[in-house]
Structure formats: structure tokens, C-alpha cells
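A.B. asks: Dropping in query_28.txt, with compact mmCIF, C-alpha atoms.
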```
# COMPACT_ATOMS: atom_id res chain seq x y z
CA MET A 1 -19.76 0.59 -41.17
CA LEU A 2 -21.69 -1.05 -38.34
CA GLY A 3 -23.14 -3.50 -40.80
CA THR A 4 -19.66 -4.55 -41.92
CA ILE A 5 -18.56 -5.09 -38.34
CA LEU A 6 -21.69 -7.06 -37.53
CA ALA A 7 -21.19 -9.17 -40.63
CA ALA A 8 -17.56 -9.80 -39.68
CA THR A 9 -18.41 -11.13 -36.22
CA THR A 10 -19.10 -14.80 -36.02
CA GLY A 11 -19.83 -17.07 -33.13
CA ASP A 12 -20.54 -16.02 -29.58
CA VAL A 13 -19.84 -12.35 -29.03
CA THR A 14 -21.39 -12.14 -25.53
CA LYS A 15 -17.99 -12.10 -23.89
CA ALA A 16 -16.80 -9.27 -26.11
CA GLY A 17 -19.92 -7.27 -25.27
CA LYS A 18 -19.37 -7.85 -21.58
CA ALA A 19 -15.77 -6.72 -21.82
CA VAL A 20 -16.77 -3.58 -23.72
CA GLY A 21 -19.43 -2.85 -21.09
CA LEU A 22 -16.96 -3.29 -18.24
CA ALA A 23 -14.40 -1.03 -19.88
CA LEU A 24 -16.99 1.63 -20.70
CA GLY A 25 -18.37 1.61 -17.16
CA VAL A 26 -15.01 1.99 -15.47
CA GLY A 27 -13.67 4.40 -18.07
CA LEU A 28 -16.60 6.80 -18.00
CA GLY A 29 -16.71 6.63 -14.20
CA ALA A 30 -13.03 7.51 -14.04
CA LEU A 31 -13.55 10.35 -16.52
CA GLY A 32 -16.14 12.04 -14.33
CA ALA A 33 -14.21 11.52 -11.13
CA GLY A 34 -11.04 12.84 -12.76
CA VAL A 35 -12.72 16.11 -13.65
CA GLY A 36 -14.25 16.37 -10.18
CA ILE A 37 -11.06 15.65 -8.27
CA GLY A 38 -9.15 18.12 -10.40
CA ASN A 39 -11.75 20.74 -9.60
CA ILE A 40 -11.53 20.11 -5.87
CA PHE A 41 -7.76 20.30 -5.63
CA GLY A 42 -7.67 23.29 -7.98
CA SER A 43 -10.10 25.20 -5.81
CA MET A 44 -8.17 24.16 -2.72
CA ILE A 45 -4.93 25.57 -4.12
CA GLN A 46 -6.67 28.82 -5.01
CA SER A 47 -8.29 29.14 -1.61
CA VAL A 48 -5.06 28.49 0.26
CA ALA A 49 -3.22 30.94 -1.97
CA ARG A 50 -5.76 33.61 -1.09
CA GLN A 51 -6.19 32.83 2.58
CA PRO A 52 -3.34 30.63 3.85
CA GLU A 53 -4.61 30.88 7.44
CA LEU A 54 -7.69 28.82 6.57
CA ARG A 55 -5.68 25.81 5.43
CA GLY A 56 -6.49 23.62 8.43
CA GLU A 57 -10.21 24.17 8.18
CA LEU A 58 -10.26 23.70 4.43
CA GLN A 59 -8.30 20.47 4.54
CA GLY A 60 -11.10 18.53 6.21
CA ILE A 61 -13.62 19.71 3.64
CA GLN A 62 -11.17 18.99 0.84
CA TRP A 63 -10.68 15.35 1.80
CA LEU A 64 -14.40 14.90 2.33
CA GLY A 65 -15.07 16.21 -1.16
CA PHE A 66 -12.23 14.13 -2.58
CA ALA A 67 -13.59 10.89 -1.16
CA LEU A 68 -17.16 11.65 -2.18
CA THR A 69 -16.05 12.35 -5.74
CA GLU A 70 -13.65 9.45 -5.93
CA ALA A 71 -16.41 7.05 -4.93
CA VAL A 72 -18.06 7.73 -8.28
CA VAL A 73 -15.43 5.55 -9.99
CA PHE A 74 -16.33 2.70 -7.72
CA TYR A 75 -20.04 2.97 -8.39
CA GLY A 76 -19.18 2.65 -12.08
CA LEU A 77 -16.79 -0.20 -11.36
CA LEU A 78 -19.33 -2.05 -9.22
CA GLY A 79 -22.09 -1.58 -11.76
CA SER A 80 -19.93 -2.87 -14.59
CA ILE A 81 -18.66 -5.82 -12.56
CA LEU A 82 -22.28 -6.69 -11.74
CA ALA A 83 -23.15 -6.47 -15.42
CA TYR A 84 -20.09 -8.56 -16.28
CA VAL A 85 -20.86 -11.28 -13.76
CA LEU A 86 -24.65 -11.43 -13.91
CA VAL A 87 -25.51 -10.91 -17.56
CA MET B 1 25.74 -5.10 -8.88
CA LEU B 2 23.48 -4.10 -6.01
CA LYS B 3 20.71 -3.33 -8.43
CA ARG B 4 20.97 -6.72 -10.08
CA ALA B 5 20.94 -8.44 -6.70
CA LEU B 6 17.85 -6.48 -5.74
CA VAL B 7 16.04 -7.47 -8.91
CA ALA B 8 17.04 -11.11 -8.45
CA LEU B 9 15.87 -11.00 -4.85
CA SER B 10 12.49 -9.50 -5.71
CA VAL B 11 11.99 -12.02 -8.52
CA PHE B 12 12.87 -14.83 -6.12
CA ALA B 13 10.45 -13.49 -3.51
CA LEU B 14 7.69 -13.35 -6.08
CA LEU B 15 8.36 -16.87 -7.28
CA LEU B 16 7.85 -18.26 -3.78
CA PRO B 17 4.06 -18.66 -3.97
CA ALA B 18 4.62 -21.57 -6.34
CA ASN B 19 1.01 -22.75 -6.21
CA ALA B 20 0.07 -19.77 -8.34
CA PHE B 21 2.43 -21.10 -10.98
CA ALA B 22 1.02 -24.58 -10.63
CA ARG B 23 -2.43 -23.28 -11.49
CA GLY B 24 -1.02 -22.10 -14.80
CA GLU B 25 -3.21 -19.06 -14.70
CA PHE B 26 -3.64 -16.43 -12.03
CA ASP B 27 -7.06 -15.17 -11.03
CA PRO B 28 -6.96 -12.35 -8.47
CA THR B 29 -10.59 -12.86 -7.52
CA THR B 30 -9.80 -16.17 -5.83
CA GLU B 31 -8.05 -14.15 -3.13
CA PHE B 32 -11.42 -12.79 -2.03
CA GLU B 33 -13.28 -16.10 -1.67
CA GLN B 34 -14.48 -16.93 1.81
CA HIS B 35 -14.01 -20.48 3.07
CA GLU B 36 -15.58 -21.65 6.31
CA TRP B 37 -12.67 -22.47 8.59
CA VAL B 38 -14.78 -23.06 11.71
CA PRO B 39 -18.37 -23.72 10.62
CA ILE B 40 -20.93 -22.28 13.05
CA HIS B 41 -24.54 -22.51 11.89
CA LEU B 42 -27.36 -21.23 14.10
CA GLY B 43 -30.52 -22.13 12.22
CA PRO B 44 -30.58 -19.95 9.11
CA LEU B 45 -27.71 -17.83 10.43
CA ASN B 46 -24.23 -18.62 9.16
CA LEU B 47 -21.77 -17.36 11.75
CA SER B 48 -18.82 -19.37 10.51
CA ILE B 49 -15.32 -18.07 11.07
CA THR B 50 -13.91 -17.16 7.67
CA LYS B 51 -10.91 -15.19 6.53
CA ALA B 52 -12.77 -11.89 6.94
CA VAL B 53 -13.86 -12.80 10.48
CA ALA B 54 -10.31 -13.72 11.43
CA TYR B 55 -9.07 -10.37 10.10
CA LEU B 56 -11.84 -8.52 11.95
CA MET B 57 -10.91 -10.23 15.22
CA LEU B 58 -7.27 -9.35 14.66
CA GLY B 59 -8.33 -5.78 13.84
CA SER B 60 -10.29 -5.48 17.08
CA ILE B 61 -7.36 -6.75 19.11
CA VAL B 62 -4.95 -4.36 17.38
CA THR B 63 -7.33 -1.41 17.85
CA ILE B 64 -7.73 -2.12 21.56
CA ALA B 65 -3.98 -2.61 21.97
CA PHE B 66 -3.33 0.64 20.09
CA GLY B 67 -5.67 2.50 22.41
CA LEU B 68 -4.09 0.98 25.50
CA VAL B 69 -0.55 1.72 24.38
CA PHE B 70 -0.97 5.19 22.87
CA MET B 71 -3.96 6.74 24.58
CA ARG B 72 -3.75 5.75 28.23
CA VAL B 73 -3.63 9.07 30.04
CA ARG B 74 -1.17 9.13 32.88
CA PHE B 75 -1.99 12.15 34.97
CA GLY B 76 1.05 13.93 36.33
CA GLY B 77 3.46 11.84 34.31
CA ARG B 78 5.71 13.14 31.60
CA SER B 79 4.18 12.90 28.17
CA GLY B 80 6.51 11.30 25.67
CA ARG B 81 6.36 10.54 22.00
CA LYS B 82 3.75 7.81 22.50
CA GLU B 83 1.32 10.27 24.05
CA THR B 84 1.95 12.75 21.26
CA VAL B 85 0.82 10.24 18.65
CA GLY B 86 -2.26 9.42 20.68
CA GLU B 87 -3.10 13.08 21.18
CA MET B 88 -2.68 13.80 17.47
CA ILE B 89 -5.16 11.09 16.50
CA TYR B 90 -7.53 12.22 19.24
CA GLU B 91 -7.36 15.77 17.96
CA ILE B 92 -8.13 14.71 14.38
CA ALA B 93 -11.07 12.68 15.65
CA GLN B 94 -12.33 15.63 17.68
CA THR B 95 -11.79 18.67 15.46
CA GLN B 96 -11.98 17.15 11.99
CA VAL B 97 -14.59 14.44 12.53
CA ALA B 98 -16.81 15.02 15.53
CA GLU B 99 -17.03 18.82 15.56
CA GLN B 100 -17.60 19.00 11.81
CA GLY B 101 -20.77 16.95 11.94
CA LEU B 102 -22.15 16.64 15.44
CA PRO B 103 -23.92 19.47 17.25
CA SER B 104 -22.22 20.37 20.53
CA LYS B 105 -25.01 18.90 22.65
CA ALA B 106 -24.44 15.45 21.16
CA ILE B 107 -20.64 15.32 21.07
CA GLY B 108 -20.35 13.81 24.54
CA ARG B 109 -22.52 10.88 23.53
CA TRP B 110 -21.37 10.26 19.95
CA PHE B 111 -17.69 11.23 19.95
CA PRO B 112 -16.67 7.78 21.27
CA TYR B 113 -18.60 6.09 18.46
CA VAL B 114 -17.16 8.08 15.57
CA ALA B 115 -13.63 8.03 17.00
CA THR B 116 -13.79 4.25 17.47
CA LEU B 117 -15.14 3.87 13.96
CA MET B 118 -12.25 5.88 12.54
CA LEU B 119 -9.58 4.01 14.48
CA PHE B 120 -11.09 0.59 13.84
CA ILE B 121 -11.53 1.05 10.10
CA PHE B 122 -8.02 2.46 9.87
CA MET B 123 -6.57 -0.53 11.67
CA VAL B 124 -8.52 -3.08 9.62
CA ASN B 125 -7.49 -1.32 6.41
CA LEU B 126 -3.88 -1.18 7.53
CA LEU B 127 -3.86 -4.89 8.41
CA GLY B 128 -5.09 -5.46 4.87
CA PHE B 129 -1.77 -4.27 3.50
CA ILE B 130 0.51 -6.19 5.84
CA PRO B 131 1.31 -9.70 4.58
CA LEU B 132 0.00 -12.22 7.10
CA PRO B 133 -0.09 -16.03 7.07
CA LEU B 134 -3.89 -16.02 7.03
CA THR B 135 -4.57 -16.95 3.41
CA GLY B 136 -5.81 -20.42 4.34
CA GLU B 137 -3.53 -21.99 1.75
CA THR B 138 -0.44 -24.00 2.52
CA TRP B 139 2.69 -24.62 0.54
CA HIS B 140 4.43 -27.85 1.62
CA GLY B 141 2.78 -27.53 5.03
CA VAL B 142 3.87 -23.92 5.55
CA PRO B 143 1.01 -21.38 5.47
CA THR B 144 1.45 -18.94 2.60
CA TRP B 145 1.49 -15.22 3.29
CA GLY B 146 -0.85 -12.83 1.55
CA ILE B 147 -2.65 -9.54 1.81
CA TYR B 148 -6.38 -9.34 2.39
CA ALA B 149 -8.51 -6.67 4.03
CA ALA B 150 -11.70 -7.49 5.91
CA THR B 151 -13.14 -4.22 4.60
CA SER B 152 -12.90 -5.53 1.04
CA SER B 153 -15.89 -7.73 1.88
CA ILE B 154 -19.25 -6.02 1.39
CA SER B 155 -20.76 -7.78 4.42
CA VAL B 156 -18.31 -6.09 6.76
CA THR B 157 -18.80 -2.57 5.43
CA LEU B 158 -22.55 -3.02 5.16
CA ALA B 159 -22.68 -4.04 8.83
CA LEU B 160 -20.73 -0.91 9.79
CA ALA B 161 -22.98 1.26 7.62
CA LEU B 162 -26.08 -0.34 9.16
CA LEU B 163 -24.83 0.66 12.61
CA THR B 164 -24.65 4.29 11.52
CA PHE B 165 -28.01 4.03 9.73
CA VAL B 166 -29.78 2.66 12.83
CA PHE B 167 -28.12 5.14 15.18
CA THR B 168 -29.05 8.03 12.88
CA HIS B 169 -32.76 7.34 12.98
CA VAL B 170 -32.86 6.28 16.63
CA GLU B 171 -31.16 9.53 17.60
CA GLY B 172 -33.37 11.57 15.29
CA VAL B 173 -36.50 10.16 16.91
CA ARG B 174 -35.06 10.42 20.41
CA TRP B 175 -34.15 14.12 20.19
CA ASN B 176 -37.02 15.39 18.05
CA GLY B 177 -39.84 12.95 18.57
CA PRO B 178 -41.10 10.76 15.74
CA VAL B 179 -43.52 13.27 14.22
CA ARG B 180 -41.09 16.19 14.03
CA TYR B 181 -38.25 14.00 12.86
CA PHE B 182 -40.05 12.36 9.96
CA LYS B 183 -41.61 15.70 9.06
CA SER B 184 -38.11 17.11 8.68
CA TRP B 185 -37.57 14.71 5.78
CA ILE B 186 -40.20 16.60 3.79
CA PRO B 187 -38.58 19.66 2.25
CA GLU B 188 -40.41 22.91 1.60
CA ALA B 189 -41.68 22.75 -1.94
CA PRO B 190 -44.84 23.48 -3.87
CA LYS B 191 -47.54 20.89 -3.23
CA PRO B 192 -47.56 19.17 -6.65
CA LEU B 193 -43.82 18.61 -6.52
CA LEU B 194 -43.97 16.95 -3.11
CA ALA B 195 -45.34 13.72 -4.59
CA LEU B 196 -42.11 13.52 -6.57
CA ILE B 197 -39.69 14.77 -3.92
CA VAL B 198 -40.81 12.79 -0.88
CA PRO B 199 -40.14 9.34 -2.38
CA LEU B 200 -36.76 10.61 -3.53
CA GLU B 201 -35.94 11.84 -0.02
CA ILE B 202 -36.90 8.48 1.48
CA LEU B 203 -34.88 6.70 -1.19
CA GLY B 204 -32.00 9.02 -0.40
CA GLN B 205 -31.94 7.85 3.21
CA PHE B 206 -31.40 4.30 1.99
CA MET B 207 -28.92 5.38 -0.67
CA ARG B 208 -26.75 6.69 2.18
CA LEU B 209 -26.51 3.13 3.42
CA ILE B 210 -25.37 1.92 0.02
CA SER B 211 -22.97 4.77 -0.67
CA LEU B 212 -21.38 4.52 2.77
CA SER B 213 -20.74 0.79 2.49
CA VAL B 214 -19.87 0.62 -1.21
CA ARG B 215 -17.35 3.46 -0.98
CA LEU B 216 -15.20 1.68 1.59
CA PHE B 217 -15.73 -1.79 0.13
CA ALA B 218 -14.99 -0.89 -3.48
CA ASN B 219 -11.98 1.24 -2.55
CA MET B 220 -10.31 -1.57 -0.66
CA LEU B 221 -11.31 -4.22 -3.20
CA ALA B 222 -10.08 -2.17 -6.15
CA GLY B 223 -6.81 -1.40 -4.38
CA HIS B 224 -6.09 -5.05 -3.71
CA ILE B 225 -7.18 -6.20 -7.16
CA LEU B 226 -4.96 -3.55 -8.75
CA ILE B 227 -1.86 -4.72 -6.89
CA LEU B 228 -2.63 -8.41 -7.37
CA THR B 229 -3.39 -7.98 -11.07
CA PHE B 230 -0.13 -6.21 -11.76
CA LEU B 231 1.85 -8.89 -9.94
CA GLY B 232 -0.32 -11.55 -11.55
CA LEU B 233 0.60 -10.36 -15.04
CA MET B 234 3.83 -12.32 -14.61
CA PHE B 235 1.91 -15.50 -14.00
CA ILE B 236 -0.66 -14.87 -16.69
CA LEU B 237 1.96 -14.11 -19.36
CA GLN B 238 4.36 -16.71 -17.89
CA SER B 239 7.40 -14.48 -18.02
CA VAL B 240 9.65 -13.56 -15.13
CA VAL B 241 11.33 -10.73 -17.04
CA LEU B 242 8.13 -8.70 -16.66
CA ALA B 243 9.00 -8.30 -12.97
CA ILE B 244 11.26 -5.36 -13.91
CA VAL B 245 8.19 -3.38 -14.99
CA VAL B 246 5.50 -4.93 -12.89
CA VAL B 247 7.06 -4.87 -9.43
CA PRO B 248 7.79 -1.10 -9.31
CA VAL B 249 4.26 -0.35 -10.54
CA ALA B 250 2.77 -2.65 -7.92
CA ILE B 251 4.94 -1.03 -5.23
CA ALA B 252 3.80 2.43 -6.36
CA PHE B 253 0.15 1.43 -6.06
CA TYR B 254 0.86 -0.22 -2.72
CA LEU B 255 2.43 2.95 -1.34
CA PHE B 256 -0.43 5.07 -2.70
CA GLU B 257 -2.96 2.82 -0.98
CA VAL B 258 -1.11 2.66 2.33
CA ILE B 259 -0.16 6.33 2.60
CA ILE B 260 -3.27 8.00 1.19
CA VAL B 261 -6.27 5.75 0.67
CA ILE B 262 -6.63 3.82 3.92
CA GLY B 263 -6.40 6.91 6.12
CA ILE B 264 -8.82 8.90 4.01
CA GLN B 265 -11.37 6.11 3.85
CA ALA B 266 -11.33 5.68 7.62
CA PHE B 267 -11.66 9.44 8.06
CA ILE B 268 -14.47 9.71 5.53
CA PHE B 269 -16.49 6.89 7.03
CA ALA B 270 -16.28 8.43 10.49
CA ALA B 271 -16.89 11.99 9.24
CA LEU B 272 -19.94 11.00 7.22
CA SER B 273 -21.31 9.00 10.16
CA ALA B 274 -20.92 12.10 12.32
CA ILE B 275 -22.60 14.28 9.71
CA TYR B 276 -25.52 11.88 9.26
CA ILE B 277 -26.11 11.50 13.00
CA GLY B 278 -25.68 15.24 13.52
CA SER B 279 -28.14 16.12 10.79
CA ALA B 280 -30.71 13.76 12.30
CA ILE B 281 -30.33 15.31 15.74
CA GLU B 282 -30.63 18.85 14.40
CA PRO B 283 -32.72 18.86 11.20
CA GLU B 284 -32.50 22.15 9.36
CA HIS B 285 -36.17 22.93 9.70
```
In C-alpha cells, what does this structure look like?
C.D. replies:
Amino acid sequence: MLGTILAATTGDVTKAGKAVGLALGVGLGALGAGVGIGNIFGSMIQSVARQPELRGELQGIQWLGFALTEAVVFYGLLGSILAYVLV
Amino acid sequence: MLKRALVALSVFALLLPANAFARGEFDPTTEFEQHEWVPIHLGPLNLSITKAVAYLMLGSIVTIAFGLVFMRVRFGGRSGRKETVGEMIYEIAQTQVAEQGLPSKAIGRWFPYVATLMLFIFMVNLLGFIPLPLTGETWHGVPTWGIYAATSSISVTLALALLTFVFTHVEGVRWNGPVRYFKSWIPEAPKPLLALIVPLEILGQFMRLISLSVRLFANMLAGHILILTFLGLMFILQSVVLAIVVVPVAIAFYLFEVIIVIGIQAFIFAALSAIYIGSAIEPEH
């Protein structure tokens, strides 16, 4: 299978490799962050449902966790852009 | 009828930056290039005024003006809606940012720093989503309008993160003394593991610098690139009909950025600064 694909490619495939790398970096980063953000908001809903009076206190922690998790996408994005530009 | 007029109007508005059409292809990354408008070179230092510097200056002016308008306390006077907005922001800065991270003995000294950081980053981010004639390009002599955020330049966010980094360690040494402070970096672990953990801890201190700056920078950059790429699809594929799909999507991303992202990023930067400084002042052990 791989051999067939390799045989079918001709010419310069560096650009294709770079594009695949960029897409993989961003995609996998987004995958992880998606799971994490879902977890955070899910737990937040549960906590508020159990103890609505703690909402104010929990909200600060929730946004902190959200931003920390969300940043993971951007580390992936930055790494793949670096790979795309430098390699 | 109204709908058709609206579509026609939005298409017309998007056709206005005709130089993008003239290029034949649209590259969103050109929006983030820095050109030296007023070159200032001091030896090896390049202090030229670029687009980012202009936006930062504007941001400082807006932040100061915001403080003067909304947060001037008038003792004895009636408090109106203006004061309510100011008090709300002050309360967020105090309860959600400062008190979460800073120990009570250090709030008096470091509350002004984290509150300023929050307000300033919020204002600079917000300016990044208001079209301003600061693109540096002209169209028949008229400056073109565009969106650009100073915080989507890594130099700006790295400078802000460096401030927090320096303050963290200066405060840690000042409150605990150098020996106790640097000892607090070494966690309690069995002796053979320490050789592995201590370099990681030291690396972690520098990773904070990177994570703090990259989070803000990449968020703002990705937000702008997302909006510009969706609008740019029309120019790349050379079809105006695409505006029906592309413009609503771009507006949705724009609203998401303005309503959610810029506030959270400002809050996070300030909150993490407070937590870092607080944890240096009062190490756990």
C-alpha cells in the first residue's frame, strides 16, 4: 500500500509533507483540547447542579482551566507553523 | 428586499479594499508584517515605531482614558451608571484575580499591577477588533481600514510575560531571602530522583514565560487569521457569490472572539501573573 503511494508520487513532495504536518499538528492539538474543555464544562455543570451557591467561586476556576486547556491547541498550531515555515 | 439589499451592501463593503483584488491572491499573513514607519535605531536596539507600537500607544491612551472616565471616585457624589461599570471591573480584578493568587500581605503592593495588566490587555485586544485606519496602506490616497491587534505580535506578549517573570523572582527573593526562595524550588523527593526533578523544575520556571506569552499571542493571531482567511476565500477563489456563506461565518467568529476570547485572555494573563507572584512570595514549603 505505502509502496504504491510512494511509487505514484513524482517530483517534489516537500510541500505536501509540510501541509500534512501542519494539519496533523493542529488537528491533534484540537482533539486533545476538545476533550479537555468538554471535561471542564461538564464538571462545572455537575458542580453547579449540586451546589448552586458556589457558582461565583467556581466560575473563576472554570475560566482559568478553560484557558489553560485551550492554549494546548495553540502550542500545536505554533509548533506546526514553525515546522511549516522553517523546514 | 431588505435581505437582498443587505447582502449587496455587505458585498460592496467587502469589495472596497480593492488592492487585495489587484494582488490576485490574498495572503492573510501580510497583515501581520511590521514596517518601520518612524525608524529609531539606538545602536543595536531597534526602537522604530511600527504598527504594533502605534496600537500599543493607542491602547495605553484608551486604558488611561477608561480609568479616568469610569473609575474616578467622587466622594459624596451620586454614583451613576459609569461608576457601576468601574466598580464591576474593579471587583472582578479584586476578587477573581488578585485574591485568587496573591497572599493578603502582598495584595496592597501587587493589586495595581495585576489590575492594570488585565485592563490594558483587554483594551489592546479590544482595539484589535475595531477597524482602524492604521494598516499603513493607502487606496487612492485614503488610508485603508483594517483590524490588527498589538497582542498578536510575540514581542509584545513576551515583554509583558517578562515583566511578570522578573517581578516573580524579585518578590520571591525579597520576601524569603535568596537561599530560602531558591530552596523552595527543590521539591521533597528521594535523593536519586532529585537529579532528574531539579532541572525540570528550573525548566518549568522558564516554560511559564513561554506559555504565558504564547497563549495570548497565538490566541489573538489565530483569531485574526481565522476571520481574515474566511473573508479572503472570496479573493482566493475569485468569486463574490461566496460572500453569502463566508460573511456570516466570519461574523460568527468575530463575535466569538470579541465576546468571549478577548476578555478571558486578559483575565487569564492577569490571574496567572497573580498566581505566579503569589506562589513566589509564599512558597508551599
A.B. asks: At a cut-off of 7 Å, list the chain B residues touching chain A, using only C-alpha atoms, as a PyMOL selection string.
C.D. replies: chain B and resi 96+215+218-219+268
A.B. asks: Do you have the CA of Thr168 in chain B-CA of Ala280 in chain B distance handy?
C.D. replies: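 Separation of CA of Thr168 in chain B and CA of Ala280 in chain B: 6.0 Å.
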A.B. asks: Excluding same-chain residues fewer than 6 positions from Phe120 in chain B, what lies within 8 Å of it counting only C-alpha atoms, as a list in words?
C.D. replies: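 Neighbouring residues, sequence-local ones excluded: Gly59, Ser60 and Thr63 of chain B.
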A.B. asks: What gap, in Å, lies between CA of Met123 in chain B and CA of Val62 in chain B?
C.D. replies: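 It comes out at 7.1 Å.
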A.B. asks: Residues within 8 Å of Gly223 in chain B, please, as a PDB file with C-alpha atoms, in the coordinates of the input. Count all atoms listed in the file; anything in the same chain fewer than 2 positions from it doesn't count.
C.D. replies:
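The result, written out as result-v9.pdb:
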```pdb
ATOM      1  CA  ASN B 219     -11.980   1.240  -2.550  1.00  0.00           C
ATOM      2  CA  MET B 220     -10.310  -1.570  -0.660  1.00  0.00           C
ATOM      3  CA  LEU B 221     -11.310  -4.220  -3.200  1.00  0.00           C
ATOM      4  CA  ILE B 225      -7.180  -6.200  -7.160  1.00  0.00           C
ATOM      5  CA  LEU B 226      -4.960  -3.550  -8.750  1.00  0.00           C
ATOM      6  CA  ILE B 227      -1.860  -4.720  -6.890  1.00  0.00           C
ATOM      7  CA  PHE B 253       0.150   1.430  -6.060  1.00  0.00           C
ATOM      8  CA  TYR B 254       0.860  -0.220  -2.720  1.00  0.00           C
ATOM      9  CA  GLU B 257      -2.960   2.820  -0.980  1.00  0.00           C
TER      10      GLU B 257
END
```
A.B. asks: Hey, can you check how far CA of Thr116 in chain B sits from CA of Ser273 in chain B?
C.D. replies: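 Going from CA of Thr116 in chain B over to CA of Ser273 in chain B covers 11.5 Å.
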A.B. asks: Give me, as JSON, numbers by chain, all polymer residues having an atom no more than 10 Å from range 155-163 of chain B, counting all atoms listed in the file and skipping those fewer than 6 positions away in the same chain.
C.D. replies: {"B": [52, 53, 56, 117, 121, 208, 209, 210, 211, 212, 213, 214, 215, 216, 217, 218, 269, 273]}
A.B. asks: Nearest to Tyr84 in chain A among A:Ile40, A:Leu28, A:Val20, A:Leu2, with distances taken over only C-alpha atoms: which residue is it?
C.D. replies: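 Of A:Ile40, A:Leu28, A:Val20, A:Leu2, the one nearest Tyr84 in chain A, counting only C-alpha atoms, is A:Val20.
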A.B. asks: Name the closest residue to Gly136 in chain B among the candidates B:Glu83, B:Ala274, B:Lys51, B:Val240; distances are taken between atoms, counting all atoms listed in the file.
C.D. replies: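 Between B:Glu83, B:Ala274, B:Lys51, B:Val240, the residue approaching Gly136 in chain B most closely is B:Lys51.
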A.B. asks: Report as a compact mmCIF listing (two decimals) with C-alpha atoms, in the frame of the given file all protein, DNA and RNA residues lying within 12 Å of Lys18 in chain A, evaluated on only C-alpha atoms, omitting residues in the same chain fewer than 6 positions from it.
C.D. replies:
```txt
# COMPACT_ATOMS: atom_id res chain seq x y z
CA ASP A 12 -20.54 -16.02 -29.58
CA LEU A 24 -16.99 1.63 -20.70
CA GLY A 25 -18.37 1.61 -17.16
CA GLY A 79 -22.09 -1.58 -11.76
CA SER A 80 -19.93 -2.87 -14.59
CA ILE A 81 -18.66 -5.82 -12.56
CA LEU A 82 -22.28 -6.69 -11.74
CA ALA A 83 -23.15 -6.47 -15.42
CA TYR A 84 -20.09 -8.56 -16.28
CA VAL A 85 -20.86 -11.28 -13.76
CA LEU A 86 -24.65 -11.43 -13.91
CA VAL A 87 -25.51 -10.91 -17.56
```
A.B. asks: Excluding same-chain residues fewer than 2 positions from Ile275 in chain B, what lies within 8 Å of it counting all atoms listed in the file, as JSON, numbers by chain?
C.D. replies: {"B": [100, 101, 102, 271, 272, 273, 277, 278, 279]}
A.B. asks: Atoms to include: C-alpha atoms. Write the selected residues as a short mmCIF file (atom, residue, chain, number, x, y, z; two decimals), in the frame of the given file.
C.D. replies:
```cif
data_model
loop_
_atom_site.label_atom_id
_atom_site.label_comp_id
_atom_site.auth_asym_id
_atom_site.auth_seq_id
_atom_site.Cartn_x
_atom_site.Cartn_y
_atom_site.Cartn_z
CA GLN B 100 -17.60 19.00 11.81
CA GLY B 101 -20.77 16.95 11.94
CA LEU B 102 -22.15 16.64 15.44
CA ALA B 271 -16.89 11.99 9.24
CA LEU B 272 -19.94 11.00 7.22
CA SER B 273 -21.31 9.00 10.16
CA ILE B 277 -26.11 11.50 13.00
CA GLY B 278 -25.68 15.24 13.52
CA SER B 279 -28.14 16.12 10.79
#
```
A.B. asks: Have a look at A:Gly21, A:Gly29, A:Gly38, A:Gly3 and name the one nearest to Gly76 in chain A; count only C-alpha atoms.
C.D. replies: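 Using only C-alpha atoms, Gly76 in chain A sits closest to A:Gly29.
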A.B. asks: Assuming the input is short of atoms at range 51-67 of chain A, produce N, CA and C atoms for that part as a short mmCIF file (atom, residue, chain, number, x, y, z; two decimals), keeping the file's coordinate frame.
C.D. replies:
```cif
data_model
loop_
_atom_site.label_atom_id
_atom_site.label_comp_id
_atom_site.auth_asym_id
_atom_site.auth_seq_id
_atom_site.Cartn_x
_atom_site.Cartn_y
_atom_site.Cartn_z
N GLN A 51 -6.11 32.72 1.12
CA GLN A 51 -6.19 32.83 2.58
C GLN A 51 -5.47 31.66 3.23
N PRO A 52 -4.13 31.77 3.33
CA PRO A 52 -3.34 30.63 3.85
C PRO A 52 -3.74 30.25 5.27
N GLU A 53 -4.32 31.19 6.03
CA GLU A 53 -4.61 30.88 7.44
C GLU A 53 -5.78 29.91 7.57
N LEU A 54 -6.53 29.71 6.49
CA LEU A 54 -7.69 28.82 6.57
C LEU A 54 -7.35 27.38 6.19
N ARG A 55 -6.06 27.11 5.96
CA ARG A 55 -5.68 25.81 5.43
C ARG A 55 -6.23 24.63 6.25
N GLY A 56 -6.06 24.72 7.57
CA GLY A 56 -6.49 23.62 8.43
C GLY A 56 -7.96 23.31 8.28
N GLU A 57 -8.77 24.38 8.29
CA GLU A 57 -10.21 24.17 8.18
C GLU A 57 -10.60 23.60 6.82
N LEU A 58 -9.90 24.13 5.78
CA LEU A 58 -10.26 23.70 4.43
C LEU A 58 -9.88 22.26 4.16
N GLN A 59 -8.80 21.80 4.85
CA GLN A 59 -8.30 20.47 4.54
C GLN A 59 -9.34 19.39 4.80
N GLY A 60 -10.06 19.52 5.92
CA GLY A 60 -11.10 18.53 6.21
C GLY A 60 -12.14 18.47 5.12
N ILE A 61 -12.60 19.65 4.70
CA ILE A 61 -13.62 19.71 3.64
C ILE A 61 -13.07 19.15 2.35
N GLN A 62 -11.79 19.44 2.08
CA GLN A 62 -11.17 18.99 0.84
C GLN A 62 -11.17 17.46 0.76
N TRP A 63 -10.75 16.82 1.86
CA TRP A 63 -10.68 15.35 1.80
C TRP A 63 -12.06 14.74 1.73
N LEU A 64 -13.01 15.39 2.40
CA LEU A 64 -14.40 14.90 2.33
C LEU A 64 -14.88 14.94 0.89
N GLY A 65 -14.65 16.08 0.23
CA GLY A 65 -15.07 16.21 -1.16
C GLY A 65 -14.33 15.24 -2.06
N PHE A 66 -13.03 15.05 -1.77
CA PHE A 66 -12.23 14.13 -2.58
C PHE A 66 -12.81 12.72 -2.52
N ALA A 67 -13.12 12.27 -1.30
CA ALA A 67 -13.59 10.89 -1.16
C ALA A 67 -14.97 10.71 -1.77
#
```
